[in-house]
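Dropping start_13.cif in here (mmCIF, C-alpha atoms and all ligand atoms):
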```
data_my_file
#
loop_
_atom_site.label_atom_id
_atom_site.label_comp_id
_atom_site.auth_asym_id
_atom_site.auth_seq_id
_atom_site.Cartn_x
_atom_site.Cartn_y
_atom_site.Cartn_z
CA MET A 680 96.32 128.30 121.83
CA PHE A 681 93.41 126.46 123.41
CA ILE A 682 93.00 126.79 127.18
CA THR A 683 90.29 125.11 129.25
CA LEU A 684 89.26 125.77 132.83
CA GLU A 685 88.00 122.88 134.87
CA GLY A 686 87.07 122.08 138.43
CA PRO A 687 84.33 121.05 140.83
CA ASP A 688 81.30 123.33 141.25
CA GLY A 689 82.11 126.54 143.11
CA SER A 690 85.82 126.49 142.24
CA GLY A 691 85.56 129.96 140.65
CA LYS A 692 86.31 128.86 137.07
CA SER A 693 83.97 131.28 135.36
CA THR A 694 85.41 134.29 137.24
CA GLN A 695 88.96 133.14 136.48
CA ALA A 696 88.19 132.47 132.81
CA ALA A 697 86.87 136.04 132.47
CA LEU A 698 89.88 137.55 134.29
CA LEU A 699 92.35 135.61 132.15
CA ALA A 700 90.58 136.63 128.94
CA GLU A 701 90.61 140.28 130.03
CA ARG A 702 94.32 140.22 130.85
CA LEU A 703 95.24 138.60 127.52
CA ARG A 704 93.11 141.18 125.69
CA GLU A 705 94.92 143.97 127.53
CA CYS A 706 98.08 142.59 125.95
CA GLY A 707 96.52 143.18 122.54
CA LEU A 708 95.77 139.49 121.96
CA SER A 709 92.59 138.31 120.34
CA VAL A 710 90.62 136.08 122.70
CA LEU A 711 87.44 134.06 122.46
CA LEU A 712 85.85 133.25 125.82
CA THR A 713 83.26 130.51 125.65
CA ARG A 714 81.67 127.81 127.80
CA GLU A 715 80.13 124.37 127.97
CA PRO A 716 77.44 123.31 128.07
CA GLY A 717 76.52 126.24 125.81
CA GLY A 718 78.65 128.37 123.52
CA THR A 719 76.34 127.97 120.50
CA GLU A 720 72.62 128.56 120.02
CA LEU A 721 72.01 124.81 120.05
CA GLY A 722 74.34 124.43 123.05
CA GLU A 723 72.44 127.03 125.09
CA ALA A 724 69.20 125.13 124.38
CA LEU A 725 70.88 121.86 125.44
CA ARG A 726 72.22 123.60 128.56
CA LYS A 727 68.67 124.46 129.63
CA ILE A 728 67.64 120.80 129.28
CA LEU A 729 70.79 119.43 130.92
CA LEU A 730 70.69 121.70 133.96
CA ASN A 731 66.93 121.91 134.53
CA PRO A 732 66.29 120.53 138.05
CA ASP A 733 62.74 119.53 137.05
CA LYS A 734 63.93 117.15 134.29
CA GLU A 735 65.15 113.60 134.92
CA LEU A 736 67.65 112.36 132.34
CA ALA A 737 68.96 108.81 131.87
CA VAL A 738 72.72 108.63 132.44
CA MET A 739 73.58 107.89 128.79
CA THR A 740 71.26 110.68 127.64
CA GLU A 741 73.25 113.07 129.80
CA VAL A 742 76.55 111.74 128.40
CA LEU A 743 75.36 112.02 124.80
CA LEU A 744 73.78 115.48 125.15
CA MET A 745 77.00 116.84 126.71
CA ALA A 746 78.95 115.31 123.81
CA ALA A 747 76.47 116.64 121.21
CA ASP A 748 76.83 120.13 122.70
CA ARG A 749 80.63 119.74 122.48
CA ALA A 750 80.65 118.48 118.87
CA GLN A 751 78.59 121.49 117.75
CA HIS A 752 80.73 123.88 119.79
CA VAL A 753 83.98 122.54 118.33
CA GLU A 754 82.79 122.78 114.71
CA GLU A 755 80.86 126.05 114.93
CA VAL A 756 82.95 128.09 117.36
CA ILE A 757 86.24 126.68 118.65
CA LYS A 758 87.87 125.41 115.44
CA PRO A 759 87.07 128.56 113.40
CA ALA A 760 88.42 130.79 116.19
CA LEU A 761 91.68 128.80 116.41
CA GLN A 762 91.99 128.93 112.62
CA ASN A 763 91.72 132.73 112.92
CA ASN A 764 94.63 132.68 115.37
CA MET A 765 92.48 133.59 118.34
CA ILE A 766 93.26 132.32 121.81
CA VAL A 767 90.30 130.21 122.90
CA ILE A 768 89.44 130.02 126.60
CA CYS A 769 86.71 127.50 127.33
CA ASP A 770 84.95 127.27 130.69
CA ARG A 771 84.63 123.44 130.92
CA TYR A 772 85.31 120.98 128.08
CA ILE A 773 85.96 117.23 127.68
CA ASP A 774 87.44 116.80 131.19
CA SER A 775 84.09 117.87 132.70
CA SER A 776 82.42 114.92 130.98
CA LEU A 777 85.21 112.57 132.05
CA ALA A 778 85.01 113.78 135.68
CA TYR A 779 81.22 114.24 136.08
CA GLN A 780 79.67 111.61 133.81
CA GLY A 781 82.66 109.23 133.78
CA PHE A 782 84.01 109.14 137.32
CA GLY A 783 80.96 110.75 138.97
CA LEU A 784 78.11 108.73 137.40
CA LEU A 785 79.52 105.63 135.68
CA GLY A 786 82.54 105.06 137.93
CA ASP A 787 84.87 104.74 134.94
CA ILE A 788 85.72 106.87 131.91
CA SER A 789 86.02 104.36 129.05
CA LYS A 790 82.60 104.94 127.39
CA VAL A 791 82.59 108.68 128.03
CA LEU A 792 86.11 108.99 126.62
CA ALA A 793 85.27 107.01 123.47
CA ILE A 794 82.14 109.10 122.79
CA ASN A 795 83.92 112.37 123.46
CA GLU A 796 86.93 111.52 121.33
CA VAL A 797 84.48 111.33 118.45
CA ALA A 798 82.85 114.62 119.54
CA ILE A 799 86.08 116.63 119.69
CA GLY A 800 87.66 115.12 116.54
CA GLY A 801 91.19 115.29 117.99
CA LEU A 802 90.91 118.84 119.32
CA TRP A 803 92.45 118.51 122.80
CA PRO A 804 93.32 121.63 124.80
CA ASN A 805 96.95 122.78 124.99
CA LEU A 806 96.53 123.71 128.64
CA THR A 807 93.92 122.80 131.25
CA LEU A 808 93.81 124.87 134.43
CA LEU A 809 92.25 122.72 137.12
CA LEU A 810 90.83 124.90 139.88
CA ASP A 811 90.52 122.47 142.71
CA VAL A 812 88.24 122.91 145.70
CA GLU A 813 86.84 120.67 148.40
CA PRO A 814 83.18 120.10 147.31
CA LYS A 815 81.68 121.21 150.64
CA VAL A 816 83.55 124.52 150.34
CA GLY A 817 82.66 124.93 146.65
CA LEU A 818 78.96 124.23 147.08
CA ALA A 819 78.80 126.52 150.13
CA ARG A 820 80.45 129.32 148.08
CA HIS A 821 77.85 128.82 145.38
CA ALA A 822 74.96 128.88 147.86
CA MET A 823 76.37 132.03 149.50
CA ALA A 824 76.69 133.81 146.11
CA SER A 825 73.04 132.97 145.38
CA ASN A 826 71.88 134.30 148.75
CA VAL A 827 74.00 137.46 148.76
CA SER A 828 73.32 138.67 145.24
CA GLY A 829 69.81 137.27 145.02
CA SER A 830 70.45 137.29 141.27
CA ALA A 831 72.66 134.21 140.97
CA PRO A 832 70.62 131.18 139.99
CA GLY A 833 70.01 128.47 142.61
CA LEU A 834 71.65 125.05 142.38
CA ASP A 835 71.16 123.34 139.00
CA ARG A 836 70.26 119.67 138.40
CA ILE A 837 73.87 118.50 138.57
CA GLU A 838 74.92 120.71 141.49
CA ARG A 839 71.99 119.30 143.50
CA ARG A 840 73.44 115.78 143.47
CA GLU A 841 74.60 114.33 146.77
CA LEU A 842 77.98 115.22 148.26
CA SER A 843 79.42 111.77 147.49
CA PHE A 844 78.85 112.42 143.75
CA HIS A 845 80.79 115.70 143.99
CA GLN A 846 83.55 113.94 145.91
CA ARG A 847 83.87 111.33 143.11
CA VAL A 848 84.04 114.19 140.60
CA ARG A 849 86.84 115.84 142.52
CA LYS A 850 88.79 112.59 142.86
CA GLY A 851 88.12 112.01 139.16
CA TYR A 852 89.79 115.33 138.32
CA HIS A 853 92.80 114.25 140.38
CA SER A 854 92.95 111.01 138.35
CA LEU A 855 92.73 112.98 135.10
CA GLN A 856 95.62 115.09 136.27
CA ARG A 857 97.66 111.92 136.72
CA ILE A 858 96.60 110.57 133.29
CA TYR A 859 97.12 113.82 131.35
CA GLY A 860 99.86 115.33 133.56
CA GLU A 861 101.56 117.45 130.88
CA ARG A 862 98.38 119.24 129.90
CA PHE A 863 97.14 119.97 133.43
CA TYR A 864 98.07 122.65 135.92
CA THR A 865 96.25 122.51 139.26
CA ILE A 866 95.60 125.41 141.63
CA ASP A 867 94.03 124.60 144.98
CA THR A 868 91.57 127.48 145.45
CA THR A 869 90.19 126.34 148.83
CA ASP A 870 92.01 129.04 150.84
CA LEU A 871 93.03 131.47 148.10
CA LYS A 872 91.57 134.87 147.23
CA THR A 873 90.38 135.50 143.65
CA ASP A 874 93.29 137.80 142.75
CA ILE A 875 95.91 135.31 143.98
CA VAL A 876 94.35 132.51 141.91
CA ALA A 877 94.21 134.90 138.91
CA GLN A 878 97.90 135.75 139.28
CA GLN A 879 98.91 132.08 139.51
CA ALA A 880 96.81 131.24 136.45
CA TRP A 881 98.35 134.16 134.56
CA GLU A 882 101.90 133.09 135.39
CA VAL A 883 101.22 129.57 134.11
CA VAL A 884 99.79 130.88 130.84
CA VAL A 885 102.69 133.31 130.33
CA ARG A 886 105.23 130.52 130.94
CA ARG A 887 103.48 127.87 128.85
CA PHE A 888 102.88 130.04 125.81
CA CYS A 889 105.79 132.49 126.10
CA ILE A 890 103.35 135.41 126.18
CA PRO A 891 105.07 138.78 126.14
CA GLU A 892 103.81 140.14 129.45
CA CYS A 893 102.05 143.41 128.89
CA THR A 894 103.65 146.21 130.71
CA SER A 895 103.97 149.14 128.14
CA LYS A 896 101.59 149.36 125.24
CA THR A 897 99.07 151.95 124.08
CA TYR A 898 95.63 150.54 123.69
CA LEU A 899 92.16 151.93 123.33
CA LYS A 900 89.52 151.07 125.81
CA GLU A 901 86.02 151.71 124.44
CA GLY A 902 86.24 155.28 123.27
CA GLU A 903 89.10 156.51 125.46
CA GLY A 904 92.85 156.27 125.02
CA HIS A 905 94.83 154.60 127.79
CA GLU A 906 98.57 154.43 128.21
CA ILE A 907 99.78 151.24 129.70
CA ASP A 908 103.36 150.04 129.89
CA HIS A 909 105.04 148.20 127.03
CA CYS A 910 105.49 144.52 126.37
CA HIS A 911 108.53 142.54 127.32
CA SER A 912 109.00 138.83 127.21
CA ALA A 913 108.14 137.51 130.64
CA GLY A 914 108.11 133.79 129.97
CA SER A 915 111.30 132.27 131.29
CA GLY A 916 112.89 129.93 128.79
CA CYS A 917 111.10 131.60 125.86
P1 LIG B 1 78.92 125.46 135.02
O1 LIG B 1 78.55 126.31 133.86
O2 LIG B 1 80.33 125.40 135.40
O3 LIG B 1 78.05 125.84 136.27
P2 LIG B 1 77.77 127.34 136.79
O4 LIG B 1 76.58 127.81 136.02
O5 LIG B 1 77.49 127.11 138.24
O6 LIG B 1 79.01 128.13 136.52
O7 LIG B 1 78.50 123.95 134.67
C1 LIG B 1 77.21 123.50 134.75
C2 LIG B 1 77.20 122.09 135.27
O8 LIG B 1 77.36 121.16 134.19
C3 LIG B 1 78.26 121.76 136.28
O9 LIG B 1 77.63 121.19 137.42
C4 LIG B 1 79.11 120.71 135.61
C5 LIG B 1 78.19 120.11 134.58
N1 LIG B 1 78.86 119.50 133.40
C6 LIG B 1 78.91 118.11 133.29
O10 LIG B 1 78.41 117.39 134.17
N2 LIG B 1 79.51 117.56 132.19
C7 LIG B 1 80.04 118.32 131.19
O11 LIG B 1 80.59 117.78 130.20
C8 LIG B 1 79.98 119.75 131.33
C9 LIG B 1 80.56 120.62 130.27
C10 LIG B 1 79.37 120.30 132.46
#
```
Just dump the structure as structure tokens.
Amino acid sequence: MFITLEGPDGSGKSTQAALLAERLRECGLSVLLTREPGGTELGEALRKILLNPDKELAVMTEVLLMAADRAQHVEEVIKPALQNNMIVICDRYIDSSLAYQGFGLLGDISKVLAINEVAIGGLWPNLTLLLDVEPKVGLARHAMASNVSGSAPGLDRIERRELSFHQRVRKGYHSLQRIYGERFYTIDTTDLKTDIVAQQAWEVVVRRFCIPECTSKTYLKEGEGHEIDHCHSAGSGC
């Protein structure tokens, strides 16, 4: 089971990826939560280069470095985890390159798709949760988080691009949803609270993968025993 989370900047993907992973783990399932760019030692080094606001990169360099990060991530982390029957949740994957570098920078996805098909070697996600948000709202959320916590990093090289770039990215995601309809599920997060988005995402995952929803199982939470309810099949049509 390979799930990816996608969306424009500030859509809350990382929070939702973590919440989904936690809920699946509470059901006793083995989950790997990972991200792109990053997810491997090489990937984290590439991430620093790719997101550094002080570095200028040529468009094709950006495309190829994102794809190189992905190729390493697939071979070193994602494939082995899936082979070990883990559920893999990845915060951004191939659709980010199609939306950002394809629709956002090049205006078309043909080159980015061809390069990334080589990078992923046929490993497409089973489900892609697209957390949609109007770019102005998303970027404002991001800026607010940085100001309030003081610890969140400022805008990175890609987030700093002009609003029209982010609008092309968002429209690009909508096009991807039309192209890969079966794989996508979109949640418009513009006016929704975190827990409502989390619940909607959870319901989609339960339905798609026939997950026995966890309501009565004993599990151990770091050093202390906890009683939670037992499992019953919640996926309709399972
Ligand atoms: P992300 O980790 O989602 O940002 P944050 O640290 O704010 O959670 O992603 C970093 C940026 O990288 C984001 O602006 C999207 C961009 N990106 C691409 O442009 N192409 C890609 O293929 C990927 C994976 C990310």
Next on the checklist: One number please: atom CA of Gln695 of chain A to atom CA of Val753 of chain A, in Å, one decimal.
Outcome noted: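 Taking atom CA of Gln695 of chain A and atom CA of Val753 of chain A, their separation equals 21.6 Å.
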Checklist entry - With all atoms listed in the file as the atoms that count, which of A:Val756, A:Ala750, A:Val767, A:Val738 lies nearest to Gly786 of chain A? => result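 So, comparing all the options, the nearest one is A:Val738.
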Edge lengths and centre in Å, axis-aligned, ligand LIG 1 (chain B) plus 5 Å each side, as AutoDock Vina command-line options:
```
--center_x 78.6 --center_y 122.8 --center_z 134.2 --size_x 14.0 --size_y 20.7 --size_z 18.0
```
Item to check | Residue among A:Val710, A:Ile768, A:Ala778, A:Leu703 lying closest to ligand LIG 1 (chain B), counting all atoms listed in the file | outcome: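 Smallest distance to ligand LIG 1 (chain B) is found for A:Ala778.
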Item to check | Protein and nucleic residues near ligand LIG 1 (chain B), 8 Å, all atoms listed in the file, as a VMD selection string | outcome: chain A and resid 687 to 689 691 to 693 714 to 716 726 729 to 730 742 745 to 746 749 770 to 780 821 832 834 to 838
Kindly save the residues from that selection, with C-alpha atoms included, as an mmCIF file, keeping the file's coordinate frame.
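File produced: part.cif:
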```
data_model
loop_
_atom_site.group_PDB
_atom_site.id
_atom_site.type_symbol
_atom_site.label_atom_id
_atom_site.label_comp_id
_atom_site.auth_asym_id
_atom_site.auth_seq_id
_atom_site.Cartn_x
_atom_site.Cartn_y
_atom_site.Cartn_z
ATOM 1 C CA PRO A 687 84.330 121.050 140.830
ATOM 2 C CA ASP A 688 81.300 123.330 141.250
ATOM 3 C CA GLY A 689 82.110 126.540 143.110
ATOM 4 C CA GLY A 691 85.560 129.960 140.650
ATOM 5 C CA LYS A 692 86.310 128.860 137.070
ATOM 6 C CA SER A 693 83.970 131.280 135.360
ATOM 7 C CA ARG A 714 81.670 127.810 127.800
ATOM 8 C CA GLU A 715 80.130 124.370 127.970
ATOM 9 C CA PRO A 716 77.440 123.310 128.070
ATOM 10 C CA ARG A 726 72.220 123.600 128.560
ATOM 11 C CA LEU A 729 70.790 119.430 130.920
ATOM 12 C CA LEU A 730 70.690 121.700 133.960
ATOM 13 C CA VAL A 742 76.550 111.740 128.400
ATOM 14 C CA MET A 745 77.000 116.840 126.710
ATOM 15 C CA ALA A 746 78.950 115.310 123.810
ATOM 16 C CA ARG A 749 80.630 119.740 122.480
ATOM 17 C CA ASP A 770 84.950 127.270 130.690
ATOM 18 C CA ARG A 771 84.630 123.440 130.920
ATOM 19 C CA TYR A 772 85.310 120.980 128.080
ATOM 20 C CA ILE A 773 85.960 117.230 127.680
ATOM 21 C CA ASP A 774 87.440 116.800 131.190
ATOM 22 C CA SER A 775 84.090 117.870 132.700
ATOM 23 C CA SER A 776 82.420 114.920 130.980
ATOM 24 C CA LEU A 777 85.210 112.570 132.050
ATOM 25 C CA ALA A 778 85.010 113.780 135.680
ATOM 26 C CA TYR A 779 81.220 114.240 136.080
ATOM 27 C CA GLN A 780 79.670 111.610 133.810
ATOM 28 C CA HIS A 821 77.850 128.820 145.380
ATOM 29 C CA PRO A 832 70.620 131.180 139.990
ATOM 30 C CA LEU A 834 71.650 125.050 142.380
ATOM 31 C CA ASP A 835 71.160 123.340 139.000
ATOM 32 C CA ARG A 836 70.260 119.670 138.400
ATOM 33 C CA ILE A 837 73.870 118.500 138.570
ATOM 34 C CA GLU A 838 74.920 120.710 141.490
#
```
Item to check | Of the listed residues A:Lys815, A:Leu712, A:Leu744, A:Leu784, that which approaches Phe844 of chain A most closely, counting only C-alpha atoms | outcome: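 Between A:Lys815, A:Leu712, A:Leu744, A:Leu784, the residue approaching Phe844 of chain A most closely is A:Leu784.
With distances taken over all atoms listed in the file, A:Val848 is the one residue among A:Val848, A:Cys889, A:Leu855, A:Ile757 lying closest to Val812 of chain A.
Using only C-alpha atoms, the protein and nucleic acid residues lying no more than 12 Å from His853 of chain A, apart from those fewer than 2 places from it along its own chain, are A:Glu685, A:Gly686, A:Pro687, A:Asp774, A:Leu777, A:Ala778, A:Phe782, A:Leu809, A:Leu810, A:Asp811, A:Val812, A:Glu813, A:Gln846, A:Arg847, A:Val848, A:Arg849, A:Lys850, A:Gly851, A:Leu855, A:Gln856, A:Arg857, A:Ile858, A:Tyr859, A:Gly860, A:Phe863, A:Tyr864, A:Thr865, A:Ile866, A:Asp867.
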Next on the checklist: Between atom CA of Phe888 of chain A and atom CA of Gly718 of chain A, what distance in Å does the model show, to one decimal?
Outcome noted: 24.4 Å
Next on the checklist: I'd like the interatomic distance between atom CA of Phe681 of chain A and atom CA of Leu806 of chain A, to a tenth of an Å.
Outcome noted: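 Distance reported for this atom pair: 6.7 Å.
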Next on the checklist: Please determine, counting only C-alpha atoms, which residue among A:Ala822, A:Gln878, A:Glu861, A:Trp803 has the shortest atom-to-atom distance to Cys769 of chain A.
Outcome noted: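 Selected residue with least distance to Cys769 of chain A: A:Trp803.
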Quick one: segment 848-876 of chain A with N, CA and C atoms, as a PDB file, in the coordinates of the input?
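Generated output (result_27.pdb):
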```pdb
ATOM      1  N   VAL A 848      83.622 113.274 141.682  1.00  0.00           N
ATOM      2  CA  VAL A 848      84.040 114.190 140.600  1.00  0.00           C
ATOM      3  C   VAL A 848      85.416 114.776 140.919  1.00  0.00           C
ATOM      4  N   ARG A 849      85.567 115.227 142.148  1.00  0.00           N
ATOM      5  CA  ARG A 849      86.840 115.840 142.520  1.00  0.00           C
ATOM      6  C   ARG A 849      87.993 114.829 142.414  1.00  0.00           C
ATOM      7  N   LYS A 850      87.750 113.620 142.952  1.00  0.00           N
ATOM      8  CA  LYS A 850      88.790 112.590 142.860  1.00  0.00           C
ATOM      9  C   LYS A 850      89.060 112.241 141.402  1.00  0.00           C
ATOM     10  N   GLY A 851      87.991 112.272 140.601  1.00  0.00           N
ATOM     11  CA  GLY A 851      88.120 112.010 139.160  1.00  0.00           C
ATOM     12  C   GLY A 851      89.054 113.031 138.510  1.00  0.00           C
ATOM     13  N   TYR A 852      88.888 114.295 138.872  1.00  0.00           N
ATOM     14  CA  TYR A 852      89.790 115.330 138.320  1.00  0.00           C
ATOM     15  C   TYR A 852      91.236 115.030 138.717  1.00  0.00           C
ATOM     16  N   HIS A 853      91.431 114.563 139.956  1.00  0.00           N
ATOM     17  CA  HIS A 853      92.800 114.250 140.380  1.00  0.00           C
ATOM     18  C   HIS A 853      93.359 113.101 139.531  1.00  0.00           C
ATOM     19  N   SER A 854      92.492 112.112 139.211  1.00  0.00           N
ATOM     20  CA  SER A 854      92.950 111.010 138.350  1.00  0.00           C
ATOM     21  C   SER A 854      93.293 111.527 136.955  1.00  0.00           C
ATOM     22  N   LEU A 855      92.458 112.438 136.446  1.00  0.00           N
ATOM     23  CA  LEU A 855      92.730 112.980 135.100  1.00  0.00           C
ATOM     24  C   LEU A 855      94.063 113.714 135.091  1.00  0.00           C
ATOM     25  N   GLN A 856      94.345 114.387 136.202  1.00  0.00           N
ATOM     26  CA  GLN A 856      95.620 115.090 136.270  1.00  0.00           C
ATOM     27  C   GLN A 856      96.783 114.100 136.180  1.00  0.00           C
ATOM     28  N   ARG A 857      96.583 112.928 136.799  1.00  0.00           N
ATOM     29  CA  ARG A 857      97.660 111.920 136.720  1.00  0.00           C
ATOM     30  C   ARG A 857      97.756 111.353 135.300  1.00  0.00           C
ATOM     31  N   ILE A 858      96.595 111.160 134.645  1.00  0.00           N
ATOM     32  CA  ILE A 858      96.600 110.570 133.290  1.00  0.00           C
ATOM     33  C   ILE A 858      97.182 111.555 132.267  1.00  0.00           C
ATOM     34  N   TYR A 859      96.734 112.822 132.369  1.00  0.00           N
ATOM     35  CA  TYR A 859      97.120 113.820 131.350  1.00  0.00           C
ATOM     36  C   TYR A 859      98.050 114.871 131.963  1.00  0.00           C
ATOM     37  N   GLY A 860      99.013 114.429 132.767  1.00  0.00           N
ATOM     38  CA  GLY A 860      99.860 115.330 133.560  1.00  0.00           C
ATOM     39  C   GLY A 860     100.393 116.551 132.838  1.00  0.00           C
ATOM     40  N   GLU A 861     100.905 116.374 131.627  1.00  0.00           N
ATOM     41  CA  GLU A 861     101.560 117.450 130.880  1.00  0.00           C
ATOM     42  C   GLU A 861     100.608 118.617 130.596  1.00  0.00           C
ATOM     43  N   ARG A 862      99.363 118.239 130.320  1.00  0.00           N
ATOM     44  CA  ARG A 862      98.380 119.240 129.900  1.00  0.00           C
ATOM     45  C   ARG A 862      97.795 120.003 131.092  1.00  0.00           C
ATOM     46  N   PHE A 863      97.824 119.397 132.270  1.00  0.00           N
ATOM     47  CA  PHE A 863      97.140 119.970 133.430  1.00  0.00           C
ATOM     48  C   PHE A 863      98.034 120.874 134.269  1.00  0.00           C
ATOM     49  N   TYR A 864      97.414 121.906 134.840  1.00  0.00           N
ATOM     50  CA  TYR A 864      98.070 122.650 135.920  1.00  0.00           C
ATOM     51  C   TYR A 864      96.997 122.881 136.990  1.00  0.00           C
ATOM     52  N   THR A 865      97.271 122.438 138.215  1.00  0.00           N
ATOM     53  CA  THR A 865      96.250 122.510 139.260  1.00  0.00           C
ATOM     54  C   THR A 865      96.534 123.629 140.250  1.00  0.00           C
ATOM     55  N   ILE A 866      95.505 124.390 140.578  1.00  0.00           N
ATOM     56  CA  ILE A 866      95.600 125.410 141.630  1.00  0.00           C
ATOM     57  C   ILE A 866      94.557 125.070 142.673  1.00  0.00           C
ATOM     58  N   ASP A 867      94.988 124.880 143.910  1.00  0.00           N
ATOM     59  CA  ASP A 867      94.030 124.600 144.980  1.00  0.00           C
ATOM     60  C   ASP A 867      93.463 125.933 145.466  1.00  0.00           C
ATOM     61  N   THR A 868      92.180 126.164 145.179  1.00  0.00           N
ATOM     62  CA  THR A 868      91.570 127.480 145.450  1.00  0.00           C
ATOM     63  C   THR A 868      90.902 127.532 146.823  1.00  0.00           C
ATOM     64  N   THR A 869      90.971 126.419 147.584  1.00  0.00           N
ATOM     65  CA  THR A 869      90.190 126.340 148.830  1.00  0.00           C
ATOM     66  C   THR A 869      90.426 127.550 149.738  1.00  0.00           C
ATOM     67  N   ASP A 870      91.714 127.934 149.914  1.00  0.00           N
ATOM     68  CA  ASP A 870      92.010 129.040 150.840  1.00  0.00           C
ATOM     69  C   ASP A 870      92.555 130.270 150.130  1.00  0.00           C
ATOM     70  N   LEU A 871      92.405 130.346 148.819  1.00  0.00           N
ATOM     71  CA  LEU A 871      93.030 131.470 148.100  1.00  0.00           C
ATOM     72  C   LEU A 871      92.011 132.504 147.660  1.00  0.00           C
ATOM     73  N   LYS A 872      92.449 133.790 147.707  1.00  0.00           N
ATOM     74  CA  LYS A 872      91.570 134.870 147.230  1.00  0.00           C
ATOM     75  C   LYS A 872      91.592 134.881 145.695  1.00  0.00           C
ATOM     76  N   THR A 873      90.535 135.459 145.118  1.00  0.00           N
ATOM     77  CA  THR A 873      90.380 135.500 143.650  1.00  0.00           C
ATOM     78  C   THR A 873      91.615 136.060 142.947  1.00  0.00           C
ATOM     79  N   ASP A 874      92.176 137.180 143.475  1.00  0.00           N
ATOM     80  CA  ASP A 874      93.290 137.800 142.750  1.00  0.00           C
ATOM     81  C   ASP A 874      94.564 136.960 142.823  1.00  0.00           C
ATOM     82  N   ILE A 875      94.720 136.174 143.879  1.00  0.00           N
ATOM     83  CA  ILE A 875      95.910 135.310 143.980  1.00  0.00           C
ATOM     84  C   ILE A 875      95.789 134.162 142.980  1.00  0.00           C
ATOM     85  N   VAL A 876      94.576 133.593 142.885  1.00  0.00           N
ATOM     86  CA  VAL A 876      94.350 132.510 141.910  1.00  0.00           C
ATOM     87  C   VAL A 876      94.589 133.076 140.496  1.00  0.00           C
TER      88      VAL A 876
END
```
